[in-house]
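Engineer: Quick one: structure below, then a few questions.
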Amino acid sequence: MSNVIVSPSILSADFANLERDVHMVEDAGADWIHVDVMDGHFVPNITIGAPVVKALKRISGIPLDVHLMIDNPMKYVEDFADAGADILTFHYEAVKEEEIMPLIDKIKSLGVKAGIAVKPKTIPSDIDKYLPFVDLVLVMTVEPGFGGQSFMYDCADKIEYFKQKCYADVIIQVDGGINAETADLCIRNGATSLVAGNYVYNAININAAIASLKG
Ligand code: DX5
Ligand code: ZN
């Protein structure tokens, strides 16, 4: 078994039973809990904010991996860090160039791991200069905004690109359309963390589904 970090997305959980659904994936071998924060501006949907992260922190025993699909992340990272986020990943496309390094520094100063995410159409070399400073790079393999979409195979090369460009300890995470088959491709290309929503939460056997993502 590989050391792939599996981070089930609670976007596919039952929001009326979040505690039950978080414990369900923890018991089935999840490494992190992926929390998709959407603001209705950067992406068309609205989901959840820092108060829900704070509530999850009370009941979860594993790291909270918070994916900020929001404009102006600088305004909110402190709230999410205070709420108990362990990883804060912002979108490159949501931040002005001159604000990216201050944002990375801010996240790290809060004692949280800093991640940078790229949408499918973003050219990977656009974020080259930030790679030495982040703890995680998130490759989106669907357009952010909705769970349950199909994996975009033309994004898979980006995983290899970042694997080669980043320091060895930088986590290369892939998010969108992950199942056993696409996980295998991502791991072969160098992914070290996989996010999965529908595949995990709709599985008949969640233990087997999570195990199948570990390569
Ligand atoms: C999409 C989110 C994903 C999503 C993944 O905007 O960032 O984390 O929940 O869902 P699946 O695995 O169903 O594609
Ligand atoms: Zn996500």
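Naming works like this for the structure tokens: A, B, ... for the chains as they're shown, residue 1 at the start of each chain, ligands 1 onward in shown order.
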Counting only C-alpha atoms, what is within 8 Å of stretch 15-25 of chain A, bar same-chain residues fewer than 3 positions away, as a PDB file with N, CA and C atoms, in the first residue's frame?
Structural biologist:
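Contents of the output file around.pdb:
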ATOM      1  N   PRO A   8     -11.487  12.504   1.878  1.00  0.00           N
ATOM      2  CA  PRO A   8     -12.871  12.501   1.394  1.00  0.00           C
ATOM      3  C   PRO A   8     -13.507  13.889   1.531  1.00  0.00           C
ATOM      4  N   ILE A  10     -16.488  16.300   2.155  1.00  0.00           N
ATOM      5  CA  ILE A  10     -17.806  16.266   2.793  1.00  0.00           C
ATOM      6  C   ILE A  10     -18.879  16.947   1.964  1.00  0.00           C
ATOM      7  N   ALA A  28     -13.225   4.345   8.220  1.00  0.00           N
ATOM      8  CA  ALA A  28     -12.939   3.568   7.000  1.00  0.00           C
ATOM      9  C   ALA A  28     -11.533   3.832   6.460  1.00  0.00           C
ATOM     10  N   GLY A  29     -10.733   4.636   7.190  1.00  0.00           N
ATOM     11  CA  GLY A  29      -9.339   4.806   6.777  1.00  0.00           C
ATOM     12  C   GLY A  29      -8.989   6.130   6.133  1.00  0.00           C
ATOM     13  N   ALA A  30      -9.895   7.115   6.181  1.00  0.00           N
ATOM     14  CA  ALA A  30      -9.561   8.438   5.622  1.00  0.00           C
ATOM     15  C   ALA A  30      -8.402   9.045   6.411  1.00  0.00           C
ATOM     16  N   ILE A  33      -9.964  15.169   6.249  1.00  0.00           N
ATOM     17  CA  ILE A  33     -11.327  15.531   5.827  1.00  0.00           C
ATOM     18  C   ILE A  33     -11.208  16.768   4.938  1.00  0.00           C
ATOM     19  N   LEU A  56     -16.721  20.998  13.023  1.00  0.00           N
ATOM     20  CA  LEU A  56     -16.064  19.748  12.592  1.00  0.00           C
ATOM     21  C   LEU A  56     -14.847  19.469  13.451  1.00  0.00           C
ATOM     22  N   ILE A  59     -15.393  17.387  16.488  1.00  0.00           N
ATOM     23  CA  ILE A  59     -15.773  15.969  16.382  1.00  0.00           C
ATOM     24  C   ILE A  59     -14.799  15.143  15.538  1.00  0.00           C
ATOM     25  N   SER A  60     -13.879  15.805  14.840  1.00  0.00           N
ATOM     26  CA  SER A  60     -12.990  15.048  13.952  1.00  0.00           C
ATOM     27  C   SER A  60     -11.626  14.847  14.595  1.00  0.00           C
ATOM     28  N   ILE A 206     -17.329   1.477   1.987  1.00  0.00           N
ATOM     29  CA  ILE A 206     -16.473   2.673   2.059  1.00  0.00           C
ATOM     30  C   ILE A 206     -15.018   2.304   2.367  1.00  0.00           C
ATOM     31  N   ASN A 207     -14.820   1.291   3.209  1.00  0.00           N
ATOM     32  CA  ASN A 207     -13.432   0.847   3.480  1.00  0.00           C
ATOM     33  C   ASN A 207     -12.736   0.452   2.195  1.00  0.00           C
TER      34      ASN A 207
END
Engineer: For A:Val195, please output as a PyMOL selection string all residues within 8 Å (counting only C-alpha atoms; exclusion window: fewer than 6 positions along the same chain).
Structural biologist: chain A and resi 6-9+34+173-176+178
Engineer: Export all heavy atoms of the chosen residues as a CSV table (one decimal), in the first residue's frame?
Structural biologist:
chain,number,residue,atom,x,y,z
A,6,VAL,N,-5.6,10.2,1.6
A,6,VAL,CA,-6.9,10.2,1.0
A,6,VAL,C,-7.8,11.2,1.9
A,6,VAL,O,-7.9,11.1,3.1
A,6,VAL,CB,-7.6,8.8,1.0
A,6,VAL,CG1,-9.0,8.9,0.6
A,6,VAL,CG2,-6.8,7.9,0.1
A,7,SER,N,-8.4,12.1,1.1
A,7,SER,CA,-9.1,13.2,1.8
A,7,SER,C,-10.6,13.2,1.3
A,7,SER,O,-10.9,13.9,0.3
A,7,SER,CB,-8.4,14.5,1.5
A,7,SER,OG,-8.8,15.6,2.3
A,8,PRO,N,-11.5,12.5,1.9
A,8,PRO,CA,-12.9,12.5,1.4
A,8,PRO,C,-13.5,13.9,1.5
A,8,PRO,O,-13.3,14.6,2.6
A,8,PRO,CB,-13.6,11.5,2.3
A,8,PRO,CG,-12.5,10.6,2.8
A,8,PRO,CD,-11.3,11.5,3.0
A,9,SER,N,-14.2,14.3,0.5
A,9,SER,CA,-14.9,15.6,0.5
A,9,SER,C,-16.3,15.5,1.1
A,9,SER,O,-17.1,14.8,0.6
A,9,SER,CB,-15.0,16.1,-0.9
A,9,SER,OG,-15.9,17.2,-0.9
A,34,HIS,N,-11.7,16.7,3.7
A,34,HIS,CA,-11.7,17.8,2.7
A,34,HIS,C,-12.9,18.6,2.9
A,34,HIS,O,-14.1,18.1,2.7
A,34,HIS,CB,-11.5,17.2,1.3
A,34,HIS,CG,-11.3,18.2,0.3
A,34,HIS,ND1,-10.0,18.7,0.0
A,34,HIS,CD2,-12.1,18.8,-0.6
A,34,HIS,CE1,-10.1,19.6,-1.0
A,34,HIS,NE2,-11.4,19.6,-1.4
A,173,GLN,N,-1.7,17.2,-4.6
A,173,GLN,CA,-3.1,16.8,-4.4
A,173,GLN,C,-3.9,16.9,-5.7
A,173,GLN,O,-3.7,17.9,-6.4
A,173,GLN,CB,-3.7,17.6,-3.2
A,173,GLN,CG,-5.1,17.1,-2.8
A,173,GLN,CD,-5.7,17.9,-1.6
A,173,GLN,OE1,-5.8,19.1,-1.7
A,173,GLN,NE2,-5.9,17.2,-0.5
A,174,VAL,N,-4.8,16.0,-5.9
A,174,VAL,CA,-5.7,16.0,-7.1
A,174,VAL,C,-7.1,16.0,-6.6
A,174,VAL,O,-7.5,15.2,-5.7
A,174,VAL,CB,-5.4,14.9,-8.1
A,174,VAL,CG1,-6.2,15.0,-9.3
A,174,VAL,CG2,-3.9,14.8,-8.4
A,175,ASP,N,-8.0,16.8,-7.2
A,175,ASP,CA,-9.4,16.9,-6.8
A,175,ASP,C,-10.3,17.0,-8.0
A,175,ASP,O,-10.2,17.9,-8.8
A,175,ASP,CB,-9.5,18.2,-5.9
A,175,ASP,CG,-10.8,18.5,-5.3
A,175,ASP,OD1,-11.7,17.6,-5.4
A,175,ASP,OD2,-11.0,19.6,-4.7
A,176,GLY,N,-11.3,16.1,-8.0
A,176,GLY,CA,-12.3,16.1,-9.0
A,176,GLY,C,-12.4,14.9,-9.8
A,176,GLY,O,-11.4,14.5,-10.5
A,178,ILE,N,-12.4,11.7,-8.9
A,178,ILE,CA,-11.5,10.7,-8.5
A,178,ILE,C,-12.3,9.4,-8.2
A,178,ILE,O,-13.2,9.4,-7.4
A,178,ILE,CB,-10.6,11.1,-7.3
A,178,ILE,CG1,-9.7,12.2,-7.6
A,178,ILE,CG2,-9.8,9.9,-6.7
A,178,ILE,CD1,-8.6,11.9,-8.7
Engineer: Which value, in Å to one decimal, gives the distance between atom CA of A:Asp36 and atom CA of A:Gly61?
Structural biologist: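 So the two atoms, atom CA of A:Asp36 and atom CA of A:Gly61, lie 18.2 Å apart.
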Engineer: Give me the residues of chain A that have any atom at most 12 Å from an atom of ligand 2; for each, the nearest atom pair and the distance in Å, rounded to one decimal. Use only C-alpha atoms and all ligand atoms, sort by chain and number, and format it as a tab-separated table.
Structural biologist:
residue	atom	partner	partner_atom_place_in_ligand_line	distance
A:Ser7	CA	ligand 2	1 (Zn)	9.3
A:Pro8	CA	ligand 2	1 (Zn)	9.2
A:Ser9	CA	ligand 2	1 (Zn)	6.6
A:Ile10	CA	ligand 2	1 (Zn)	9.2
A:Leu11	CA	ligand 2	1 (Zn)	8.3
A:Ser12	CA	ligand 2	1 (Zn)	10.7
A:Ile33	CA	ligand 2	1 (Zn)	10.3
A:His34	CA	ligand 2	1 (Zn)	6.6
A:Val35	CA	ligand 2	1 (Zn)	6.8
A:Asp36	CA	ligand 2	1 (Zn)	4.9
A:Val37	CA	ligand 2	1 (Zn)	8.0
A:Met38	CA	ligand 2	1 (Zn)	9.4
A:Val43	CA	ligand 2	1 (Zn)	11.7
A:Thr47	CA	ligand 2	1 (Zn)	11.5
A:Leu64	CA	ligand 2	1 (Zn)	11.9
A:Asp65	CA	ligand 2	1 (Zn)	8.9
A:Val66	CA	ligand 2	1 (Zn)	7.9
A:His67	CA	ligand 2	1 (Zn)	5.3
A:Leu68	CA	ligand 2	1 (Zn)	8.0
A:Met69	CA	ligand 2	1 (Zn)	8.0
A:Ile70	CA	ligand 2	1 (Zn)	11.7
A:Leu88	CA	ligand 2	1 (Zn)	11.2
A:Thr89	CA	ligand 2	1 (Zn)	9.2
A:Phe90	CA	ligand 2	1 (Zn)	10.4
A:His91	CA	ligand 2	1 (Zn)	10.7
A:Gly115	CA	ligand 2	1 (Zn)	11.8
A:Ile116	CA	ligand 2	1 (Zn)	11.9
A:Ala117	CA	ligand 2	1 (Zn)	9.4
A:Val118	CA	ligand 2	1 (Zn)	11.2
A:Lys119	CA	ligand 2	1 (Zn)	11.0
A:Leu138	CA	ligand 2	1 (Zn)	8.8
A:Val139	CA	ligand 2	1 (Zn)	9.8
A:Met140	CA	ligand 2	1 (Zn)	8.0
A:Thr141	CA	ligand 2	1 (Zn)	10.1
A:Val142	CA	ligand 2	1 (Zn)	9.7
A:Glu143	CA	ligand 2	1 (Zn)	10.2
A:Pro144	CA	ligand 2	1 (Zn)	7.3
A:Gly145	CA	ligand 2	1 (Zn)	8.5
A:Phe146	CA	ligand 2	1 (Zn)	8.9
A:Gly147	CA	ligand 2	1 (Zn)	8.4
A:Gly148	CA	ligand 2	1 (Zn)	11.3
A:Gln149	CA	ligand 2	1 (Zn)	11.9
A:Gln173	CA	ligand 2	1 (Zn)	9.9
A:Val174	CA	ligand 2	1 (Zn)	8.8
A:Asp175	CA	ligand 2	1 (Zn)	5.7
A:Gly176	CA	ligand 2	1 (Zn)	7.2
A:Gly177	CA	ligand 2	1 (Zn)	10.6
A:Ile178	CA	ligand 2	1 (Zn)	11.1
A:Ser193	CA	ligand 2	1 (Zn)	11.9
A:Leu194	CA	ligand 2	1 (Zn)	9.9
A:Val195	CA	ligand 2	1 (Zn)	6.8
A:Ala196	CA	ligand 2	1 (Zn)	8.3
A:Gly197	CA	ligand 2	1 (Zn)	8.5
A:Asn198	CA	ligand 2	1 (Zn)	11.7
Engineer: Can you spit out the residues from that selection as a short mmCIF file (atom, residue, chain, number, x, y, z; two decimals), in the first residue's frame, using N, CA and C atoms?
Structural biologist:
data_model
loop_
_atom_site.label_atom_id
_atom_site.label_comp_id
_atom_site.auth_asym_id
_atom_site.auth_seq_id
_atom_site.Cartn_x
_atom_site.Cartn_y
_atom_site.Cartn_z
N SER A 7 -8.40 12.13 1.14
CA SER A 7 -9.14 13.22 1.79
C SER A 7 -10.57 13.24 1.26
N PRO A 8 -11.49 12.50 1.88
CA PRO A 8 -12.87 12.50 1.39
C PRO A 8 -13.51 13.89 1.53
N SER A 9 -14.22 14.30 0.49
CA SER A 9 -14.88 15.61 0.50
C SER A 9 -16.26 15.50 1.11
N ILE A 10 -16.49 16.30 2.16
CA ILE A 10 -17.81 16.27 2.79
C ILE A 10 -18.88 16.95 1.96
N LEU A 11 -18.49 17.49 0.80
CA LEU A 11 -19.49 18.04 -0.11
C LEU A 11 -20.51 16.94 -0.49
N SER A 12 -20.05 15.71 -0.50
CA SER A 12 -20.94 14.60 -0.86
C SER A 12 -21.56 13.93 0.37
N ILE A 33 -9.96 15.17 6.25
CA ILE A 33 -11.33 15.53 5.83
C ILE A 33 -11.21 16.77 4.94
N HIS A 34 -11.73 16.67 3.70
CA HIS A 34 -11.67 17.77 2.75
C HIS A 34 -12.94 18.61 2.86
N VAL A 35 -12.76 19.90 3.10
CA VAL A 35 -13.89 20.80 3.32
C VAL A 35 -13.92 21.81 2.16
N ASP A 36 -14.93 21.74 1.34
CA ASP A 36 -15.05 22.61 0.16
C ASP A 36 -15.83 23.87 0.52
N VAL A 37 -15.11 24.98 0.55
CA VAL A 37 -15.72 26.27 0.90
C VAL A 37 -15.96 27.05 -0.40
N MET A 38 -17.21 27.37 -0.68
CA MET A 38 -17.58 28.09 -1.92
C MET A 38 -18.39 29.32 -1.56
N VAL A 43 -16.88 30.74 -7.48
CA VAL A 43 -17.61 29.62 -8.10
C VAL A 43 -19.10 29.90 -7.95
N THR A 47 -21.42 27.11 -0.20
CA THR A 47 -21.49 25.92 0.67
C THR A 47 -21.41 26.31 2.13
N LEU A 64 -8.11 18.71 9.11
CA LEU A 64 -9.13 19.34 8.25
C LEU A 64 -8.42 20.07 7.11
N ASP A 65 -8.69 19.60 5.91
CA ASP A 65 -8.07 20.06 4.67
C ASP A 65 -9.08 20.98 3.99
N VAL A 66 -8.86 22.29 4.14
CA VAL A 66 -9.89 23.26 3.74
C VAL A 66 -9.53 23.87 2.38
N HIS A 67 -10.40 23.67 1.41
CA HIS A 67 -10.22 24.11 0.03
C HIS A 67 -11.07 25.36 -0.16
N LEU A 68 -10.40 26.51 -0.23
CA LEU A 68 -11.10 27.79 -0.32
C LEU A 68 -11.36 28.14 -1.78
N MET A 69 -12.59 27.96 -2.22
CA MET A 69 -12.98 28.39 -3.57
C MET A 69 -13.71 29.72 -3.40
N ILE A 70 -12.94 30.72 -2.98
CA ILE A 70 -13.52 32.02 -2.63
C ILE A 70 -12.64 33.15 -3.16
N LEU A 88 -4.83 25.09 4.54
CA LEU A 88 -5.67 26.09 3.86
C LEU A 88 -5.16 26.23 2.43
N THR A 89 -5.98 25.82 1.49
CA THR A 89 -5.60 25.90 0.07
C THR A 89 -6.46 26.97 -0.60
N PHE A 90 -5.77 27.95 -1.19
CA PHE A 90 -6.48 29.02 -1.90
C PHE A 90 -6.29 28.82 -3.40
N HIS A 91 -7.14 29.49 -4.20
CA HIS A 91 -7.00 29.41 -5.65
C HIS A 91 -6.12 30.53 -6.18
N GLY A 115 -1.62 25.78 0.88
CA GLY A 115 -1.77 25.12 -0.41
C GLY A 115 -2.19 26.12 -1.47
N ILE A 116 -1.75 25.87 -2.71
CA ILE A 116 -2.18 26.69 -3.85
C ILE A 116 -2.87 25.77 -4.86
N ALA A 117 -4.05 26.19 -5.33
CA ALA A 117 -4.84 25.36 -6.25
C ALA A 117 -4.89 26.01 -7.63
N VAL A 118 -4.93 25.17 -8.67
CA VAL A 118 -5.09 25.68 -10.03
C VAL A 118 -6.29 25.03 -10.71
N LYS A 119 -7.07 25.86 -11.38
CA LYS A 119 -8.23 25.37 -12.15
C LYS A 119 -7.74 24.66 -13.41
N LEU A 138 -2.60 21.89 -5.35
CA LEU A 138 -3.85 21.18 -5.67
C LEU A 138 -4.16 21.33 -7.16
N VAL A 139 -4.18 20.21 -7.85
CA VAL A 139 -4.51 20.18 -9.28
C VAL A 139 -6.00 19.85 -9.40
N MET A 140 -6.78 20.81 -9.90
CA MET A 140 -8.20 20.53 -10.11
C MET A 140 -8.38 19.77 -11.42
N THR A 141 -9.10 18.68 -11.36
CA THR A 141 -9.35 17.88 -12.56
C THR A 141 -10.84 17.93 -12.94
N VAL A 142 -11.55 18.91 -12.36
CA VAL A 142 -12.88 19.33 -12.83
C VAL A 142 -12.92 20.84 -12.63
N GLU A 143 -13.88 21.51 -13.27
CA GLU A 143 -14.08 22.93 -12.97
C GLU A 143 -14.63 23.02 -11.54
N PRO A 144 -14.00 23.82 -10.66
CA PRO A 144 -14.49 23.87 -9.29
C PRO A 144 -15.91 24.40 -9.21
N GLY A 145 -16.65 23.91 -8.25
CA GLY A 145 -18.01 24.41 -8.04
C GLY A 145 -19.03 23.34 -7.73
N PHE A 146 -18.77 22.12 -8.18
CA PHE A 146 -19.77 21.06 -8.01
C PHE A 146 -19.07 19.72 -7.79
N GLY A 147 -19.67 18.86 -6.99
CA GLY A 147 -19.20 17.48 -6.87
C GLY A 147 -19.79 16.64 -8.00
N GLY A 148 -19.28 15.43 -8.14
CA GLY A 148 -19.88 14.46 -9.06
C GLY A 148 -19.62 14.69 -10.53
N GLN A 149 -18.59 15.47 -10.90
CA GLN A 149 -18.28 15.68 -12.31
C GLN A 149 -17.25 14.64 -12.78
N GLN A 173 -1.74 17.23 -4.60
CA GLN A 173 -3.11 16.76 -4.38
C GLN A 173 -3.93 16.92 -5.67
N VAL A 174 -4.82 15.96 -5.91
CA VAL A 174 -5.69 16.02 -7.09
C VAL A 174 -7.14 15.96 -6.60
N ASP A 175 -8.00 16.78 -7.22
CA ASP A 175 -9.38 16.94 -6.76
C ASP A 175 -10.31 17.02 -7.96
N GLY A 176 -11.28 16.10 -8.00
CA GLY A 176 -12.32 16.14 -9.03
C GLY A 176 -12.40 14.87 -9.85
N GLY A 177 -13.51 14.16 -9.72
CA GLY A 177 -13.71 12.96 -10.54
C GLY A 177 -12.80 11.79 -10.18
N ILE A 178 -12.37 11.74 -8.92
CA ILE A 178 -11.46 10.65 -8.52
C ILE A 178 -12.27 9.39 -8.20
N SER A 193 -1.73 12.98 -2.75
CA SER A 193 -2.99 13.10 -2.01
C SER A 193 -4.15 13.15 -3.00
N LEU A 194 -5.22 12.47 -2.65
CA LEU A 194 -6.40 12.43 -3.53
C LEU A 194 -7.63 12.83 -2.74
N VAL A 195 -8.41 13.72 -3.35
CA VAL A 195 -9.70 14.12 -2.79
C VAL A 195 -10.78 13.30 -3.51
N ALA A 196 -11.74 12.81 -2.77
CA ALA A 196 -12.85 12.11 -3.44
C ALA A 196 -14.13 12.36 -2.68
N GLY A 197 -15.15 12.79 -3.40
CA GLY A 197 -16.45 13.04 -2.81
C GLY A 197 -17.41 11.92 -3.11
N ASN A 198 -17.97 11.96 -4.30
CA ASN A 198 -18.99 10.98 -4.67
C ASN A 198 -18.51 9.54 -4.59
#
Engineer: To test your reading of the structure, identify every residue in stretch 19-211 of chain A that backbone DSSP assigns to alpha helix (DSSP H), and report it as a PyMOL selection string.
Structural biologist: chain A and resi 19-27+50-59+77-83+97-109+156-165+180-189+198-201+206-211
Engineer: Given only C-alpha atoms and all ligand atoms as the basis, pick out the residue of A:Leu131, A:Ala203, A:Ala156, A:Val170 nearest to ligand 1.
Structural biologist: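 Of A:Leu131, A:Ala203, A:Ala156, A:Val170, the one nearest ligand 1, counting only C-alpha atoms and all ligand atoms, is A:Ala203.
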Engineer: Using only C-alpha atoms, which residue out of A:Cys186, A:Pro132, A:Asn205, A:Asp157 lies closest to A:Asp169?
Structural biologist: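 So, comparing all the options, the nearest one is A:Pro132.
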